[in-house]
file entry.pdb (PDB, C-alpha atoms)
ATOM      1  CA  MET A   1      27.370  22.772  13.555  1.00  0.00           C
ATOM      2  CA  THR A   2      28.656  25.459  11.227  1.00  0.00           C
ATOM      3  CA  LEU A   3      30.873  23.138   9.176  1.00  0.00           C
ATOM      4  CA  LEU A   4      27.972  21.939   7.061  1.00  0.00           C
ATOM      5  CA  GLN A   5      26.106  25.246   6.863  1.00  0.00           C
ATOM      6  CA  THR A   6      27.860  26.372   3.695  1.00  0.00           C
ATOM      7  CA  ARG A   7      25.951  28.750   1.407  1.00  0.00           C
ATOM      8  CA  VAL A   8      25.584  27.509  -2.160  1.00  0.00           C
ATOM      9  CA  ASP A   9      23.693  28.832  -5.188  1.00  0.00           C
ATOM     10  CA  GLU A  10      20.018  28.032  -5.607  1.00  0.00           C
ATOM     11  CA  LYS A  11      20.384  25.521  -8.438  1.00  0.00           C
ATOM     12  CA  THR A  12      23.044  23.509  -6.598  1.00  0.00           C
ATOM     13  CA  ALA A  13      20.911  23.500  -3.466  1.00  0.00           C
ATOM     14  CA  ARG A  14      17.850  22.245  -5.347  1.00  0.00           C
ATOM     15  CA  ASN A  15      19.861  19.472  -7.020  1.00  0.00           C
ATOM     16  CA  PHE A  16      21.376  18.473  -3.698  1.00  0.00           C
ATOM     17  CA  VAL A  17      17.954  18.275  -2.015  1.00  0.00           C
ATOM     18  CA  ARG A  18      16.676  16.134  -4.906  1.00  0.00           C
ATOM     19  CA  ALA A  19      19.746  13.826  -4.721  1.00  0.00           C
ATOM     20  CA  ALA A  20      19.381  13.449  -0.959  1.00  0.00           C
ATOM     21  CA  LYS A  21      15.704  12.568  -1.270  1.00  0.00           C
ATOM     22  CA  ALA A  22      16.486   9.995  -3.999  1.00  0.00           C
ATOM     23  CA  ARG A  23      18.967   8.328  -1.638  1.00  0.00           C
ATOM     24  CA  GLY A  24      16.643   8.310   1.342  1.00  0.00           C
ATOM     25  CA  HIS A  25      18.555  11.062   3.139  1.00  0.00           C
ATOM     26  CA  THR A  26      17.796  14.512   4.376  1.00  0.00           C
ATOM     27  CA  PRO A  27      20.134  17.121   2.825  1.00  0.00           C
ATOM     28  CA  TYR A  28      21.917  17.418   6.164  1.00  0.00           C
ATOM     29  CA  SER A  29      22.399  13.662   6.627  1.00  0.00           C
ATOM     30  CA  LEU A  30      23.651  13.238   3.031  1.00  0.00           C
ATOM     31  CA  LEU A  31      26.179  16.021   3.543  1.00  0.00           C
ATOM     32  CA  GLN A  32      27.315  14.428   6.800  1.00  0.00           C
ATOM     33  CA  SER A  33      27.673  11.097   5.044  1.00  0.00           C
ATOM     34  CA  LEU A  34      29.735  12.617   2.211  1.00  0.00           C
ATOM     35  CA  VAL A  35      32.056  14.414   4.625  1.00  0.00           C
ATOM     36  CA  LYS A  36      32.501  11.231   6.659  1.00  0.00           C
ATOM     37  CA  ASP A  37      33.354   9.194   3.528  1.00  0.00           C
ATOM     38  CA  ALA A  38      35.822  11.829   2.333  1.00  0.00           C
ATOM     39  CA  ALA A  39      37.573  11.858   5.715  1.00  0.00           C
ATOM     40  CA  ALA A  40      37.876   8.068   5.617  1.00  0.00           C
ATOM     41  CA  GLN A  41      39.619   8.073   2.221  1.00  0.00           C
ATOM     42  CA  PRO A  42      43.328   7.145   2.452  1.00  0.00           C
ATOM     43  CA  LYS A  43      45.615  10.138   2.063  1.00  0.00           C
ATOM     44  CA  ARG A  44      47.156  10.560  -1.365  1.00  0.00           C
ATOM     45  CA  ARG A  45      50.751   9.325  -1.480  1.00  0.00           C
ATOM     46  CA  THR A  46      53.071  11.629  -3.419  1.00  0.00           C
ATOM     47  CA  TRP A  47      56.794  11.739  -4.099  1.00  0.00           C
ATOM     48  CA  LYS A  48      56.926  15.126  -2.383  1.00  0.00           C
ATOM     49  CA  LYS A  49      55.587  13.587   0.837  1.00  0.00           C
ATOM     50  CA  HIS A  50      57.902  10.618   0.385  1.00  0.00           C
ATOM     51  CA  PHE A  51      60.994  12.830   0.316  1.00  0.00           C
ATOM     52  CA  GLU A  52      59.777  14.755   3.369  1.00  0.00           C
ATOM     53  CA  TRP A  53      59.471  11.399   5.140  1.00  0.00           C
ATOM     54  CA  LEU A  54      62.967  10.403   3.938  1.00  0.00           C
ATOM     55  CA  ASP A  55      64.342  13.702   5.314  1.00  0.00           C
ATOM     56  CA  SER A  56      62.777  12.908   8.679  1.00  0.00           C
ATOM     57  CA  LEU A  57      64.965   9.779   8.964  1.00  0.00           C
ATOM     58  CA  GLY A  58      68.072  11.994   9.074  1.00  0.00           C
ATOM     59  CA  ILE A  59      70.116   9.624   6.906  1.00  0.00           C
ATOM     60  CA  LYS A  60      73.683  10.666   6.118  1.00  0.00           C
ATOM     61  CA  PRO A  61      74.070  10.728   2.301  1.00  0.00           C
ATOM     62  CA  VAL A  62      76.687   8.447   0.807  1.00  0.00           C
ATOM     63  CA  PRO A  63      79.117  10.288  -1.505  1.00  0.00           C
ATOM     64  CA  TYR A  64      78.604   8.123  -4.591  1.00  0.00           C
ATOM     65  CA  GLY A  65      75.883   6.620  -6.774  1.00  0.00           C
ATOM     66  CA  ILE A  66      74.919   3.499  -4.842  1.00  0.00           C
ATOM     67  CA  VAL A  67      73.623   1.257  -7.623  1.00  0.00           C
ATOM     68  CA  ALA A  68      76.246   2.184 -10.228  1.00  0.00           C
ATOM     69  CA  ARG A  69      78.946   1.364  -7.675  1.00  0.00           C
ATOM     70  CA  GLN A  70      77.370  -1.873  -6.501  1.00  0.00           C
ATOM     71  CA  ARG A  71      77.045  -3.066 -10.094  1.00  0.00           C
ATOM     72  CA  GLU A  72      80.721  -2.312 -10.698  1.00  0.00           C
ATOM     73  CA  GLU A  73      81.680  -4.106  -7.497  1.00  0.00           C
ATOM     74  CA  ASP A  74      79.562  -7.105  -8.517  1.00  0.00           C
ATOM     75  CA  GLY A  75      82.214  -7.466 -11.180  1.00  0.00           C
ATOM     76  CA  GLU A  76      80.329  -8.471 -14.312  1.00  0.00           C
ATOM     77  CA  ARG A  77      82.605  -7.569 -17.174  1.00  0.00           C
TER
ATOM     78  CA  MET B  78      55.114   6.805 -19.091  1.00  0.00           C
ATOM     79  CA  SER B  79      58.537   6.466 -17.462  1.00  0.00           C
ATOM     80  CA  TYR B  80      60.624   3.475 -16.443  1.00  0.00           C
ATOM     81  CA  ALA B  81      63.176   4.015 -13.705  1.00  0.00           C
ATOM     82  CA  ASP B  82      66.332   1.947 -13.480  1.00  0.00           C
ATOM     83  CA  THR B  83      67.231   0.794  -9.961  1.00  0.00           C
ATOM     84  CA  SER B  84      69.863   3.559  -9.794  1.00  0.00           C
ATOM     85  CA  PHE B  85      66.974   6.044  -9.902  1.00  0.00           C
ATOM     86  CA  ILE B  86      64.642   4.257  -7.491  1.00  0.00           C
ATOM     87  CA  ALA B  87      67.483   3.638  -5.044  1.00  0.00           C
ATOM     88  CA  ALA B  88      68.268   7.369  -5.141  1.00  0.00           C
ATOM     89  CA  ALA B  89      64.696   7.978  -3.983  1.00  0.00           C
ATOM     90  CA  TYR B  90      64.754   5.416  -1.160  1.00  0.00           C
ATOM     91  CA  ALA B  91      68.391   5.479  -0.094  1.00  0.00           C
ATOM     92  CA  VAL B  92      70.326   8.758   0.064  1.00  0.00           C
ATOM     93  CA  ASP B  93      73.233   9.117  -2.349  1.00  0.00           C
ATOM     94  CA  VAL B  94      74.771  11.759  -4.635  1.00  0.00           C
ATOM     95  CA  ASN B  95      71.841  11.415  -7.033  1.00  0.00           C
ATOM     96  CA  THR B  96      69.064  11.899  -4.484  1.00  0.00           C
ATOM     97  CA  PRO B  97      68.737  15.708  -4.952  1.00  0.00           C
ATOM     98  CA  GLU B  98      68.357  15.297  -8.724  1.00  0.00           C
ATOM     99  CA  ALA B  99      65.863  12.436  -8.330  1.00  0.00           C
ATOM    100  CA  ARG B 100      63.941  14.584  -5.873  1.00  0.00           C
ATOM    101  CA  ARG B 101      63.735  17.507  -8.302  1.00  0.00           C
ATOM    102  CA  TYR B 102      62.466  15.240 -11.069  1.00  0.00           C
ATOM    103  CA  MET B 103      59.898  13.546  -8.826  1.00  0.00           C
ATOM    104  CA  ALA B 104      58.623  16.861  -7.466  1.00  0.00           C
ATOM    105  CA  GLU B 105      58.076  18.231 -10.972  1.00  0.00           C
ATOM    106  CA  GLU B 106      56.710  15.140 -12.669  1.00  0.00           C
ATOM    107  CA  GLU B 107      55.161  13.120  -9.796  1.00  0.00           C
ATOM    108  CA  PRO B 108      55.620   9.995 -11.956  1.00  0.00           C
ATOM    109  CA  ARG B 109      53.964   6.665 -11.213  1.00  0.00           C
ATOM    110  CA  LEU B 110      56.798   4.218 -11.770  1.00  0.00           C
ATOM    111  CA  PRO B 111      56.732   0.478 -12.503  1.00  0.00           C
ATOM    112  CA  PHE B 112      58.596  -1.730 -10.030  1.00  0.00           C
ATOM    113  CA  THR B 113      59.697  -5.035 -11.523  1.00  0.00           C
ATOM    114  CA  PHE B 114      61.328  -8.299 -10.472  1.00  0.00           C
ATOM    115  CA  LEU B 115      64.664  -6.685 -11.428  1.00  0.00           C
ATOM    116  CA  HIS B 116      64.340  -3.925  -8.846  1.00  0.00           C
ATOM    117  CA  TRP B 117      63.744  -6.052  -5.729  1.00  0.00           C
ATOM    118  CA  PRO B 118      67.230  -7.528  -5.192  1.00  0.00           C
ATOM    119  CA  GLU B 119      69.130  -4.416  -6.284  1.00  0.00           C
ATOM    120  CA  VAL B 120      67.139  -2.116  -4.006  1.00  0.00           C
ATOM    121  CA  ALA B 121      67.513  -4.568  -1.112  1.00  0.00           C
ATOM    122  CA  LYS B 122      71.276  -4.642  -1.570  1.00  0.00           C
ATOM    123  CA  ALA B 123      71.422  -0.852  -1.874  1.00  0.00           C
ATOM    124  CA  LEU B 124      69.573  -0.416   1.435  1.00  0.00           C
ATOM    125  CA  TRP B 125      71.209  -3.116   3.531  1.00  0.00           C
ATOM    126  CA  THR B 126      74.758  -2.307   2.432  1.00  0.00           C
ATOM    127  CA  ASN B 127      74.505   1.480   2.622  1.00  0.00           C
ATOM    128  CA  HIS B 128      71.883   2.271   5.273  1.00  0.00           C
ATOM    129  CA  PRO B 129      71.666  -0.891   7.402  1.00  0.00           C
ATOM    130  CA  ALA B 130      70.244   0.917  10.453  1.00  0.00           C
ATOM    131  CA  GLN B 131      67.276   2.324   8.535  1.00  0.00           C
ATOM    132  CA  ALA B 132      66.910  -0.441   5.929  1.00  0.00           C
ATOM    133  CA  GLU B 133      63.935  -2.208   7.558  1.00  0.00           C
ATOM    134  CA  THR B 134      62.017   1.049   7.964  1.00  0.00           C
ATOM    135  CA  ILE B 135      62.650   2.103   4.368  1.00  0.00           C
ATOM    136  CA  TRP B 136      61.822  -1.390   3.085  1.00  0.00           C
ATOM    137  CA  ASP B 137      58.455  -1.272   4.864  1.00  0.00           C
ATOM    138  CA  GLU B 138      57.763   2.150   3.333  1.00  0.00           C
ATOM    139  CA  LEU B 139      58.640   0.815  -0.121  1.00  0.00           C
ATOM    140  CA  LYS B 140      56.226  -2.096   0.309  1.00  0.00           C
ATOM    141  CA  ASP B 141      53.499   0.272   1.540  1.00  0.00           C
ATOM    142  CA  ALA B 142      54.039   2.457  -1.544  1.00  0.00           C
ATOM    143  CA  LEU B 143      53.699  -0.601  -3.783  1.00  0.00           C
ATOM    144  CA  ALA B 144      50.528  -1.638  -1.973  1.00  0.00           C
ATOM    145  CA  ASP B 145      49.063   1.846  -2.580  1.00  0.00           C
ATOM    146  CA  GLY B 146      50.193   1.882  -6.203  1.00  0.00           C
ATOM    147  CA  GLN B 147      50.233   5.674  -6.342  1.00  0.00           C
ATOM    148  CA  THR B 148      53.954   6.391  -6.659  1.00  0.00           C
ATOM    149  CA  LEU B 149      55.249   2.906  -7.458  1.00  0.00           C
ATOM    150  CA  TYR B 150      53.299  -0.037  -8.825  1.00  0.00           C
ATOM    151  CA  ARG B 151      54.032  -3.674  -9.512  1.00  0.00           C
ATOM    152  CA  ALA B 152      54.411  -4.008 -13.253  1.00  0.00           C
ATOM    153  CA  GLU B 153      52.764  -7.068 -14.719  1.00  0.00           C
ATOM    154  CA  LEU B 154      55.752  -8.259 -16.680  1.00  0.00           C
ATOM    155  CA  ASP B 155      56.590 -11.777 -17.728  1.00  0.00           C
ATOM    156  CA  ALA B 156      60.197 -12.394 -16.689  1.00  0.00           C
ATOM    157  CA  ASP B 157      60.848 -14.817 -19.534  1.00  0.00           C
ATOM    158  CA  THR B 158      59.566 -12.342 -22.124  1.00  0.00           C
ATOM    159  CA  VAL B 159      61.809  -9.621 -20.684  1.00  0.00           C
ATOM    160  CA  ALA B 160      64.782 -12.008 -20.642  1.00  0.00           C
ATOM    161  CA  GLN B 161      64.224 -13.014 -24.261  1.00  0.00           C
ATOM    162  CA  ARG B 162      64.002  -9.384 -25.328  1.00  0.00           C
ATOM    163  CA  ALA B 163      67.203  -8.729 -23.359  1.00  0.00           C
ATOM    164  CA  ALA B 164      68.880 -11.645 -25.116  1.00  0.00           C
ATOM    165  CA  GLY B 165      67.921 -10.132 -28.446  1.00  0.00           C
ATOM    166  CA  LEU B 166      69.481  -6.826 -27.430  1.00  0.00           C
ATOM    167  CA  MET B 167      72.603  -8.621 -26.239  1.00  0.00           C
ATOM    168  CA  ARG B 168      72.911 -10.507 -29.537  1.00  0.00           C
ATOM    169  CA  HIS B 169      72.691  -7.249 -31.399  1.00  0.00           C
ATOM    170  CA  TYR B 170      75.006  -5.104 -29.266  1.00  0.00           C
ATOM    171  CA  ALA B 171      77.443  -7.387 -27.378  1.00  0.00           C
ATOM    172  CA  GLN B 172      80.103  -7.349 -30.076  1.00  0.00           C
ATOM    173  CA  ARG B 173      79.876  -3.600 -30.473  1.00  0.00           C
ATOM    174  CA  TRP B 174      79.996  -2.993 -26.712  1.00  0.00           C
ATOM    175  CA  PRO B 175      81.755  -5.962 -25.034  1.00  0.00           C
ATOM    176  CA  LYS B 176      81.270  -4.389 -21.575  1.00  0.00           C
ATOM    177  CA  LEU B 177      77.471  -4.340 -21.940  1.00  0.00           C
ATOM    178  CA  ARG B 178      76.143  -6.084 -18.817  1.00  0.00           C
ATOM    179  CA  ALA B 179      73.228  -8.492 -18.487  1.00  0.00           C
ATOM    180  CA  ILE B 180      71.517  -6.298 -15.855  1.00  0.00           C
ATOM    181  CA  ASP B 181      71.647  -3.318 -18.212  1.00  0.00           C
ATOM    182  CA  VAL B 182      69.973  -5.097 -21.113  1.00  0.00           C
ATOM    183  CA  MET B 183      67.403  -6.583 -18.713  1.00  0.00           C
ATOM    184  CA  HIS B 184      66.343  -3.148 -17.488  1.00  0.00           C
ATOM    185  CA  VAL B 185      66.160  -1.730 -21.002  1.00  0.00           C
ATOM    186  CA  GLY B 186      64.220  -4.815 -22.092  1.00  0.00           C
ATOM    187  CA  ALA B 187      61.799  -4.312 -19.182  1.00  0.00           C
ATOM    188  CA  ALA B 188      61.340  -0.642 -20.079  1.00  0.00           C
ATOM    189  CA  VAL B 189      60.463  -1.557 -23.652  1.00  0.00           C
ATOM    190  CA  GLU B 190      58.059  -4.275 -22.460  1.00  0.00           C
ATOM    191  CA  CYS B 191      56.388  -1.697 -20.181  1.00  0.00           C
ATOM    192  CA  HIS B 192      55.894   0.543 -23.247  1.00  0.00           C
ATOM    193  CA  ALA B 193      57.858   3.280 -21.511  1.00  0.00           C
ATOM    194  CA  LYS B 194      58.699   6.471 -23.345  1.00  0.00           C
ATOM    195  CA  THR B 195      61.264   7.780 -20.864  1.00  0.00           C
ATOM    196  CA  PHE B 196      64.137   5.898 -19.218  1.00  0.00           C
ATOM    197  CA  LEU B 197      65.315   7.306 -15.903  1.00  0.00           C
ATOM    198  CA  SER B 198      68.806   6.249 -14.851  1.00  0.00           C
ATOM    199  CA  PHE B 199      71.876   7.625 -13.103  1.00  0.00           C
ATOM    200  CA  ASP B 200      74.130   4.761 -14.201  1.00  0.00           C
ATOM    201  CA  THR B 201      76.231   6.870 -16.574  1.00  0.00           C
ATOM    202  CA  ARG B 202      79.339   4.708 -16.385  1.00  0.00           C
ATOM    203  CA  SER B 203      77.790   1.719 -18.119  1.00  0.00           C
ATOM    204  CA  TYR B 204      76.239   1.194 -21.552  1.00  0.00           C
ATOM    205  CA  GLN B 205      72.717   1.003 -20.143  1.00  0.00           C
ATOM    206  CA  ARG B 206      71.572   4.533 -20.948  1.00  0.00           C
ATOM    207  CA  VAL B 207      73.214   4.416 -24.365  1.00  0.00           C
ATOM    208  CA  LEU B 208      71.365   1.190 -25.104  1.00  0.00           C
ATOM    209  CA  ALA B 209      68.087   2.758 -23.941  1.00  0.00           C
ATOM    210  CA  HIS B 210      68.690   5.596 -26.404  1.00  0.00           C
ATOM    211  CA  THR B 211      69.070   3.097 -29.257  1.00  0.00           C
ATOM    212  CA  GLN B 212      65.633   1.713 -28.338  1.00  0.00           C
ATOM    213  CA  LYS B 213      64.003   5.122 -28.928  1.00  0.00           C
ATOM    214  CA  LEU B 214      63.625   5.789 -25.217  1.00  0.00           C
ATOM    215  CA  LYS B 215      64.086   9.354 -24.014  1.00  0.00           C
ATOM    216  CA  VAL B 216      66.908   9.099 -21.495  1.00  0.00           C
ATOM    217  CA  TRP B 217      66.798  11.303 -18.395  1.00  0.00           C
ATOM    218  CA  PRO B 218      69.108  12.919 -17.384  1.00  0.00           C
ATOM    219  CA  ALA B 219      70.320  13.511 -20.951  1.00  0.00           C
ATOM    220  CA  LEU B 220      73.232  11.432 -22.233  1.00  0.00           C
ATOM    221  CA  THR B 221      76.668  12.730 -21.276  1.00  0.00           C
ATOM    222  CA  SER B 222      79.229  13.549 -23.958  1.00  0.00           C
ATOM    223  CA  GLU B 223      81.071  10.310 -23.097  1.00  0.00           C
ATOM    224  CA  GLU B 224      77.868   8.334 -23.607  1.00  0.00           C
ATOM    225  CA  THR B 225      77.079  10.099 -26.867  1.00  0.00           C
ATOM    226  CA  ALA B 226      80.560   9.185 -28.105  1.00  0.00           C
ATOM    227  CA  LYS B 227      79.720   5.504 -27.564  1.00  0.00           C
ATOM    228  CA  LEU B 228      76.969   5.800 -30.150  1.00  0.00           C
ATOM    229  CA  LYS B 229      79.406   6.661 -32.943  1.00  0.00           C
TER
END
call {"tool": "encode", "arguments": {"input": "entry.pdb", "output": "structure tokens"}}
result
Amino acid sequence: MTLLQTRVDEKTARNFVRAAKARGHTPYSLLQSLVKDAAAQPKRRTWKKHFEWLDSLGIKPVPYGIVARQREEDGER
Amino acid sequence: MSYADTSFIAAAYAVDVNTPEARRYMAEEEPRLPFTFLHWPEVAKALWTNHPAQAETIWDELKDALADGQTLYRAELDADTVAQRAAGLMRHYAQRWPKLRAIDVMHVGAAVECHAKTFLSFDTRSYQRVLAHTQKLKVWPALTSEETAKLK
């Protein structure tokens, strides 16, 4: 599988081999484990993604500021 | 750290005239905003009176966002402490600004209790943003000329 066959510098490779051994892994199995954990992480929620989702609902905008108007209509004076 | 009035959060979850401006701010700043006991009923009313067909879907998304805590988070605020701070603000400013509303002082009180530096609000026709300015909060968008006149 070519996904995990990434070339890295010598020092990084040595450190990775040492870390894998310390955790009872082979370098390949540790890398597989790290990739699997990263894929399982929940996706980061951002406002940019939120507004893309809001666009997808196709909501017709209302021509006023909703909360300012509702507070005025609530009538506290 | 920023505190957003419901007028700002509703502009991000409902779609009104302020949504494009809220979107620009959010895209640039990607703020993580506190969501308090004051926001729940106002956002609910905003959704179910203006976008009833999509309200349930948006409400679920809002609750998911709060569960994640990445864009919105539940602020650990004591309601009584916020209310007492709001009462103090009302005592100080009610005679000067008789139209100052309870909801406005509550939101400003909550922002101060959250230790916010910036107050995000589109409610320019009330005294809320002016009051926030008096509490050393940076108001965004900037005060209008009409609001600045209220400070004199």
call {"tool": "residues_around", "arguments": {"input": "entry.pdb", "residues": "A:Ser29", "least_positions_apart": "6", "cutoff": "12 Å", "atoms": "only C-alpha atoms", "output": "mmCIF file with C-alpha atoms, in the frame of the given file"}}
result
data_model
loop_
_atom_site.group_PDB
_atom_site.id
_atom_site.type_symbol
_atom_site.label_atom_id
_atom_site.label_comp_id
_atom_site.auth_asym_id
_atom_site.auth_seq_id
_atom_site.Cartn_x
_atom_site.Cartn_y
_atom_site.Cartn_z
ATOM 1 C CA LEU A 4 27.972 21.939 7.061
ATOM 2 C CA PHE A 16 21.376 18.473 -3.698
ATOM 3 C CA VAL A 17 17.954 18.275 -2.015
ATOM 4 C CA ALA A 19 19.746 13.826 -4.721
ATOM 5 C CA ALA A 20 19.381 13.449 -0.959
ATOM 6 C CA LYS A 21 15.704 12.568 -1.270
ATOM 7 C CA ARG A 23 18.967 8.328 -1.638
ATOM 8 C CA VAL A 35 32.056 14.414 4.625
ATOM 9 C CA LYS A 36 32.501 11.231 6.659
#
call {"tool": "resolve_selection", "arguments": {"input": "entry.pdb", "expression": "the PyMOL selection byres ((chain A) within 10 of (chain B))", "output": "ChimeraX atom specification"}}
result
/A:42,44-51,53-55,57-72,75-77
call {"tool": "resolve_selection", "arguments": {"input": "entry.pdb", "expression": "the PyMOL selection byres ((chain B and resi 182) around 9)", "output": "list in words"}}
result
Ala160, Arg162, Ala163, Ala164, Leu166, Met167, Leu177, Arg178, Ala179, Ile180, Asp181, Met183, His184, Val185, Gly186, Ala187, Tyr204, Gln205, Leu208 and Ala209 of chain B
call {"tool": "residues_near_point", "arguments": {"input": "entry.pdb", "point": "(58.3, -11.3, -8.4)", "cutoff": "9 Å", "atoms": "all atoms listed in the file", "output": "list in words"}}
result
Thr113, Phe114, Leu115, Trp117, Arg151 and Ala156 of chain B
call {"tool": "closest_residue", "arguments": {"input": "entry.pdb", "among": "B:Ser222, B:Thr195, B:Gln172, B:Gln161", "to": "B:Met78", "atoms": "all atoms listed in the file"}}
result
B:Thr195
call {"tool": "atom_distance", "arguments": {"input": "entry.pdb", "atom1": "atom CA of B:Pro111", "atom2": "atom CA of B:Val189"}}
result
11.9 Å
call {"tool": "atom_distance", "arguments": {"input": "entry.pdb", "atom1": "atom CA of B:Val207", "atom2": "atom CA of B:Thr158"}}
result
21.7 Å
call {"tool": "closest_residue", "arguments": {"input": "entry.pdb", "among": "B:Lys194, B:Lys213, B:Lys227, B:His116", "to": "B:Tyr170", "atoms": "all atoms listed in the file"}}
result
B:Lys227
call {"tool": "atom_distance", "arguments": {"input": "entry.pdb", "atom1": "atom CA of B:Asp137", "atom2": "atom CA of A:Ala40"}}
result
22.6 Å
call {"tool": "axis_aligned_box", "arguments": {"input": "entry.pdb", "around": "stretch 199-218 of chain B", "padding_each_side": "3 Å", "output": "lines of an AutoDock Vina configuration file"}}
result
center_x = 71.5
center_y = 7.0
center_z = -21.2
size_x = 21.7
size_y = 17.9
size_z = 22.2
